[in-house]
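A.B. asks: My questions all concern the structure below.
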Amino acid sequence: MEYIAIVLANIVAILIIAPIIDGIERKIKAKLQCRKGPPILQTWYDLVKLFRRPSIVTEEYSLAYVISPYIIFANMTLALALVPSFTRISLSFFGDIIVLVYLIASSSIFLAIGSISSGNVFATIGANREISLATLSKLLMALVLATFATLKRALTLGSIFPIIPPYTLSAIISIILFAIIAYIDCYKLPFDIPEAEPEIIDGILVEYSGKSLGVLKYSTYLKRILLFTIIVDLILPRNIPTLLLPISYFTFLLALSITYVCVETYFGRLRIDQALKFMKTMVPILLVVWFIAYLHY
Amino acid sequence: MSLKLFRRSLWVYHLNSGSCNGCDIEVLNIFTPYHDVERLGIKLVASPRHADVIVFTGPITRETLPKAIRAFFAVPEPKAVVAVGSCACGGGIWYDSYAVIGGIEAFYRILENYYKIRLPLTVYVPGCPPKPEAIIYGIAVLRGVLKQKQRKTYFLEKEVPALTRDFIVNLEKYMKQEGGINIGKK
């Protein structure tokens, strides 16, 4: 009973801080562009406003269009329960690393299906791009997580984290590669191709409004926090005392998001074929790293 | 009357219904680092479904009328409208052109007659083009932060002179003297 309460408290804490982290990112981005920037709670204000507004549906919509935001949100919340964040305790069972990959992949698929069902042309273009990016980025994600599993010879996330104490070559390279893949999966600027704002007017999100848009935006922030949490778990040492753990986790999270946003500010958007080419070059590297990990180097 | 929902966050959809791009530049101007309305929680969105407020620029032409109506109904309730520029407020210099329906008032007349809807809260920002500061002021009025500046004033000419032949000749003489047309012709 206590175990479930701790996991739930963890999820609630992350649900509260996810928009705040985004607000901090917006503030830093504004400072880098010589602007004053919105207040840190601005993302929360936006979300609350969106939740208080009704959602309009299109003329030729289907069920997938209406329910897919909520499925994505549920997927992300469940994935957050799987990874240890503020405490070491999480929902853990044999093979949860595979479930994690499936949850992240299915959220992309549901996003694409939902936006195709809206019947908008721009949404279809966005969904097309989303699928072509997701097929490669989720393959990369699966390969990296397989490398971690091979390094530790385990299939539970609890026994994989942290990866670093044996300072092997493959561990360090795979952490760097995972950071790059997480960046691609966050829809940060060079890779925000499915929801390119001026180009295909928000792409996959174009027909969503009000509550469903709020839920989709919220799940995007949750996805970012999820990927950051995995990176933090990979490098956070195990011998940190339990009371200091939430503070150190939050500092690492903040440091990561600040690094990512500083990278984001200095980039323009890539074309879809450039992004795909970039990811295709990563596949052979990852396969080699996986083999090195198998040899215990 | 103002909308409390948008006090902290307001997403703007910019609808160009046949403008000369003067007002569009000024609307984009308020999102630049100098004015930076993101600090007030205002964001420019690309899709009308995400928007809270439609910013109309330019008179509504015959060509854009059906599209403007579709965009208007794509915005979820409660919504508001900001009419930026003289043309959007009342047709501007195109008020009687055959290609133009008119300003936002004419648009509302069509919506009232054919769709029977309650009209949204509307803020008028006149000017050709209005300053970015004026647009920000208009949005502040919409949010209920600032008071409306304009009072009702009207000007009437007391006596309209009859347009006789003598009057026109006298007027031409007067204009030649005052306008300096004959300078250097002595």
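Residues in the structure tokens are named by chain (A, B, ... in the order shown) and by number from 1 within that chain; ligands are numbered from 1 in the order shown.
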Write out as a ChimeraX atom specification every residue belonging to chain A that has an atom at most 12 Å from any atom of chain B, counting only C-alpha atoms.
C.D. replies: /A:23,26-27,29-59,120,122-123,195-214,217
A.B. asks: If we count only C-alpha atoms and set the cut-off at 10 Å, which residues sit around A:Leu169, ignoring sequence neighbours fewer than 6 positions away in its own chain? Please answer as an NGL selection string.
C.D. replies: :A and (289 or 292-293 or 296-297)
A.B. asks: Take the residues from that selection and put them in a file with N, CA and C atoms, as a short mmCIF file (atom, residue, chain, number, x, y, z; two decimals), in the first residue's frame.
C.D. replies:
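Full text of result-v3.cif as output:
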data_model
loop_
_atom_site.label_atom_id
_atom_site.label_comp_id
_atom_site.auth_asym_id
_atom_site.auth_seq_id
_atom_site.Cartn_x
_atom_site.Cartn_y
_atom_site.Cartn_z
N VAL A 289 28.14 -0.13 -31.04
CA VAL A 289 28.20 0.07 -29.59
C VAL A 289 27.54 -1.10 -28.86
N ILE A 292 29.98 -3.89 -28.81
CA ILE A 292 31.04 -3.64 -27.82
C ILE A 292 30.51 -3.92 -26.41
N ALA A 293 29.27 -3.50 -26.16
CA ALA A 293 28.67 -3.73 -24.84
C ALA A 293 28.54 -5.23 -24.57
N HIS A 296 31.58 -6.63 -23.15
CA HIS A 296 31.97 -6.09 -21.83
C HIS A 296 33.10 -5.09 -21.90
N TYR A 297 33.13 -4.20 -22.89
CA TYR A 297 34.16 -3.15 -22.93
C TYR A 297 33.54 -1.80 -22.66
#
A.B. asks: Please identify all polymer residues within 9 Å of stretch 109-126 of chain B, counting only C-alpha atoms, omitting same-chain residues fewer than 6 positions from it, and present them as a PyMOL selection string.
C.D. replies: chain B and resi 1-3+69+77-90+134-135+137-139+141-142
A.B. asks: When you draw a straight line from atom CA of A:Ala18 to atom CA of A:Ser107, how long is it in Å?
C.D. replies: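 Computing the Euclidean distance for atom CA of A:Ala18 and atom CA of A:Ser107 yields 17.6 Å.
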A.B. asks: Extract, using only C-alpha atoms, all DNA, RNA and protein residues at most 10 Å from A:Leu243, discarding same-chain residues fewer than 3 positions from it, and format them as a VMD selection string.
C.D. replies: chain A and resid 86 to 87 240 246 to 248
A.B. asks: Enter the distance from atom CA of A:Ile21 to atom CA of A:Ile109, in Å, rounded to one decimal.
C.D. replies: 25.6 Å
A.B. asks: When DSSP works through the backbone of this structure, what residues of stretch 3-89 of chain A end up as alpha helix (DSSP H), shown as a PyMOL selection string?
C.D. replies: chain A and resi 3-32+42-52+63-82
A.B. asks: Would you mind telling me which residue in B:Met175, B:Ala140, B:Leu163, B:Val27 lies nearest to B:Val12 when using only C-alpha atoms?
C.D. replies: B:Val27
A.B. asks: Just to confirm, what's the straight-line distance from atom CA of A:Ile258 to atom CA of A:Ile20 in Å (one decimal)?
C.D. replies: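 Between these atoms lies a distance of 12.7 Å.
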A.B. asks: Got a sec to tell me which of chain B DSSP assigns to strand (DSSP E or B), as an MDAnalysis selection string?
C.D. replies: chainID B and resid 10:16 42:45 53:57 60:61 80:84 100:102 121:125
A.B. asks: Please provide the set of residues having any atom within 12 Å of A:Leu145, restricted to only C-alpha atoms, with same-chain residues fewer than 5 positions apart removed, written as an NGL selection string.
C.D. replies: :A and (95-102 or 138-140 or 150-157 or 160-161 or 163 or 171 or 174-175 or 177-179 or 181-182 or 230-231 or 234 or 286-287 or 289-290 or 293)
A.B. asks: Keeping only N, CA and C atoms, write the selected residues to a file as an mmCIF file, in the first residue's frame.
C.D. replies:
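And here's out.cif as it stands now:
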data_model
loop_
_atom_site.group_PDB
_atom_site.id
_atom_site.type_symbol
_atom_site.label_atom_id
_atom_site.label_comp_id
_atom_site.auth_asym_id
_atom_site.auth_seq_id
_atom_site.Cartn_x
_atom_site.Cartn_y
_atom_site.Cartn_z
ATOM 1 N N GLY A 95 11.117 -7.060 -17.431
ATOM 2 C CA GLY A 95 10.826 -6.652 -18.806
ATOM 3 C C GLY A 95 10.197 -5.278 -18.919
ATOM 4 N N ASP A 96 10.281 -4.437 -17.863
ATOM 5 C CA ASP A 96 9.639 -3.119 -17.970
ATOM 6 C C ASP A 96 10.367 -2.201 -18.948
ATOM 7 N N ILE A 97 11.616 -2.528 -19.287
ATOM 8 C CA ILE A 97 12.349 -1.715 -20.266
ATOM 9 C C ILE A 97 11.706 -1.822 -21.644
ATOM 10 N N ILE A 98 11.156 -3.013 -21.955
ATOM 11 C CA ILE A 98 10.476 -3.219 -23.244
ATOM 12 C C ILE A 98 9.142 -2.472 -23.239
ATOM 13 N N VAL A 99 8.454 -2.513 -22.085
ATOM 14 C CA VAL A 99 7.182 -1.789 -21.967
ATOM 15 C C VAL A 99 7.403 -0.294 -22.172
ATOM 16 N N LEU A 100 8.528 0.210 -21.639
ATOM 17 C CA LEU A 100 8.838 1.637 -21.776
ATOM 18 C C LEU A 100 8.952 2.019 -23.251
ATOM 19 N N VAL A 101 9.707 1.207 -24.028
ATOM 20 C CA VAL A 101 9.859 1.489 -25.461
ATOM 21 C C VAL A 101 8.500 1.470 -26.149
ATOM 22 N N TYR A 102 7.667 0.483 -25.774
ATOM 23 C CA TYR A 102 6.352 0.377 -26.406
ATOM 24 C C TYR A 102 5.471 1.562 -26.070
ATOM 25 N N LYS A 138 12.371 5.703 -32.817
ATOM 26 C CA LYS A 138 12.029 4.652 -31.857
ATOM 27 C C LYS A 138 12.926 3.437 -32.036
ATOM 28 N N LEU A 139 13.381 3.204 -33.276
ATOM 29 C CA LEU A 139 14.364 2.133 -33.496
ATOM 30 C C LEU A 139 15.656 2.439 -32.744
ATOM 31 N N LEU A 140 16.084 3.727 -32.846
ATOM 32 C CA LEU A 140 17.298 4.139 -32.148
ATOM 33 C C LEU A 140 17.124 3.989 -30.643
ATOM 34 N N THR A 150 22.103 -4.961 -22.233
ATOM 35 C CA THR A 150 23.226 -5.877 -22.453
ATOM 36 C C THR A 150 24.379 -5.573 -21.512
ATOM 37 N N LEU A 151 24.597 -4.259 -21.266
ATOM 38 C CA LEU A 151 25.700 -3.862 -20.384
ATOM 39 C C LEU A 151 25.502 -4.432 -18.987
ATOM 40 N N LYS A 152 24.264 -4.345 -18.473
ATOM 41 C CA LYS A 152 24.001 -4.777 -17.102
ATOM 42 C C LYS A 152 23.467 -6.203 -17.036
ATOM 43 N N ARG A 153 23.234 -6.817 -18.209
ATOM 44 C CA ARG A 153 22.659 -8.173 -18.281
ATOM 45 C C ARG A 153 21.357 -8.261 -17.466
ATOM 46 N N ALA A 154 20.460 -7.264 -17.678
ATOM 47 C CA ALA A 154 19.205 -7.261 -16.928
ATOM 48 C C ALA A 154 18.106 -6.655 -17.785
ATOM 49 N N LEU A 155 16.842 -6.985 -17.473
ATOM 50 C CA LEU A 155 15.717 -6.430 -18.226
ATOM 51 C C LEU A 155 14.794 -5.594 -17.345
ATOM 52 N N THR A 156 15.204 -5.275 -16.112
ATOM 53 C CA THR A 156 14.397 -4.387 -15.270
ATOM 54 C C THR A 156 15.129 -3.051 -15.143
ATOM 55 N N LEU A 157 14.347 -1.967 -15.200
ATOM 56 C CA LEU A 157 14.956 -0.637 -15.149
ATOM 57 C C LEU A 157 15.657 -0.410 -13.816
ATOM 58 N N ILE A 160 19.145 -1.660 -13.949
ATOM 59 C CA ILE A 160 20.001 -1.055 -14.986
ATOM 60 C C ILE A 160 20.594 0.255 -14.490
ATOM 61 N N PHE A 161 19.765 1.075 -13.788
ATOM 62 C CA PHE A 161 20.240 2.384 -13.325
ATOM 63 C C PHE A 161 21.105 2.240 -12.096
ATOM 64 N N ILE A 163 24.033 3.529 -14.883
ATOM 65 C CA ILE A 163 24.823 2.743 -15.823
ATOM 66 C C ILE A 163 26.308 3.017 -15.651
ATOM 67 N N ALA A 171 29.491 2.179 -22.280
ATOM 68 C CA ALA A 171 28.531 2.863 -21.406
ATOM 69 C C ALA A 171 28.527 4.356 -21.683
ATOM 70 N N SER A 174 27.124 5.167 -25.161
ATOM 71 C CA SER A 174 25.677 4.970 -25.268
ATOM 72 C C SER A 174 24.903 6.035 -24.500
ATOM 73 N N ILE A 175 25.477 6.561 -23.400
ATOM 74 C CA ILE A 175 24.794 7.657 -22.691
ATOM 75 C C ILE A 175 24.747 8.903 -23.574
ATOM 76 N N LEU A 177 24.855 8.978 -26.844
ATOM 77 C CA LEU A 177 23.911 8.722 -27.938
ATOM 78 C C LEU A 177 22.474 8.836 -27.441
ATOM 79 N N PHE A 178 22.221 8.349 -26.203
ATOM 80 C CA PHE A 178 20.861 8.446 -25.680
ATOM 81 C C PHE A 178 20.455 9.901 -25.488
ATOM 82 N N ALA A 179 21.434 10.739 -25.061
ATOM 83 C CA ALA A 179 21.116 12.162 -24.894
ATOM 84 C C ALA A 179 20.710 12.773 -26.228
ATOM 85 N N ILE A 181 19.414 11.124 -28.839
ATOM 86 C CA ILE A 181 18.125 10.566 -29.252
ATOM 87 C C ILE A 181 16.987 11.193 -28.462
ATOM 88 N N ALA A 182 17.240 11.443 -27.169
ATOM 89 C CA ALA A 182 16.223 12.102 -26.344
ATOM 90 C C ALA A 182 15.945 13.496 -26.880
ATOM 91 N N ILE A 230 15.172 9.687 -17.529
ATOM 92 C CA ILE A 230 15.980 8.508 -17.859
ATOM 93 C C ILE A 230 17.455 8.883 -17.900
ATOM 94 N N ILE A 231 17.773 10.045 -18.517
ATOM 95 C CA ILE A 231 19.182 10.461 -18.584
ATOM 96 C C ILE A 231 19.734 10.688 -17.186
ATOM 97 N N LEU A 234 20.469 7.565 -15.464
ATOM 98 C CA LEU A 234 21.642 6.868 -15.998
ATOM 99 C C LEU A 234 22.917 7.333 -15.330
ATOM 100 N N LEU A 286 25.209 2.714 -33.440
ATOM 101 C CA LEU A 286 24.560 2.081 -32.293
ATOM 102 C C LEU A 286 24.745 0.566 -32.317
ATOM 103 N N LEU A 287 24.686 -0.008 -33.522
ATOM 104 C CA LEU A 287 24.873 -1.464 -33.621
ATOM 105 C C LEU A 287 26.270 -1.853 -33.149
ATOM 106 N N VAL A 289 28.140 -0.126 -31.043
ATOM 107 C CA VAL A 289 28.200 0.071 -29.586
ATOM 108 C C VAL A 289 27.545 -1.101 -28.857
ATOM 109 N N TRP A 290 26.445 -1.572 -29.432
ATOM 110 C CA TRP A 290 25.745 -2.714 -28.832
ATOM 111 C C TRP A 290 26.675 -3.934 -28.792
ATOM 112 N N ALA A 293 29.270 -3.498 -26.155
ATOM 113 C CA ALA A 293 28.671 -3.733 -24.841
ATOM 114 C C ALA A 293 28.539 -5.226 -24.568
#
A.B. asks: Taking 5 positions as the minimum chain separation for residues in the same chain, which residues sit within 12 Å of B:Pro66 when counting only C-alpha atoms? Answer as a PyMOL selection string.
C.D. replies: chain B and resi 17+60-61+71-73+101+107+110-111
A.B. asks: Do a neighbour search on B:Glu63 at 9 Å with only C-alpha atoms, toss out local chain neighbours closer than 4 positions, and write the hits as a list in words.
C.D. replies: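 Near neighbours after the sequence-gap exclusion: Ser17, Gly18, Lys67, Ala99 and Val100 of chain B.
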A.B. asks: Looking at only C-alpha atoms, which of A:Met141, A:Leu253, A:Ile71, A:Met282 is the one that sits closest to A:Phe110?
C.D. replies: A:Ile71
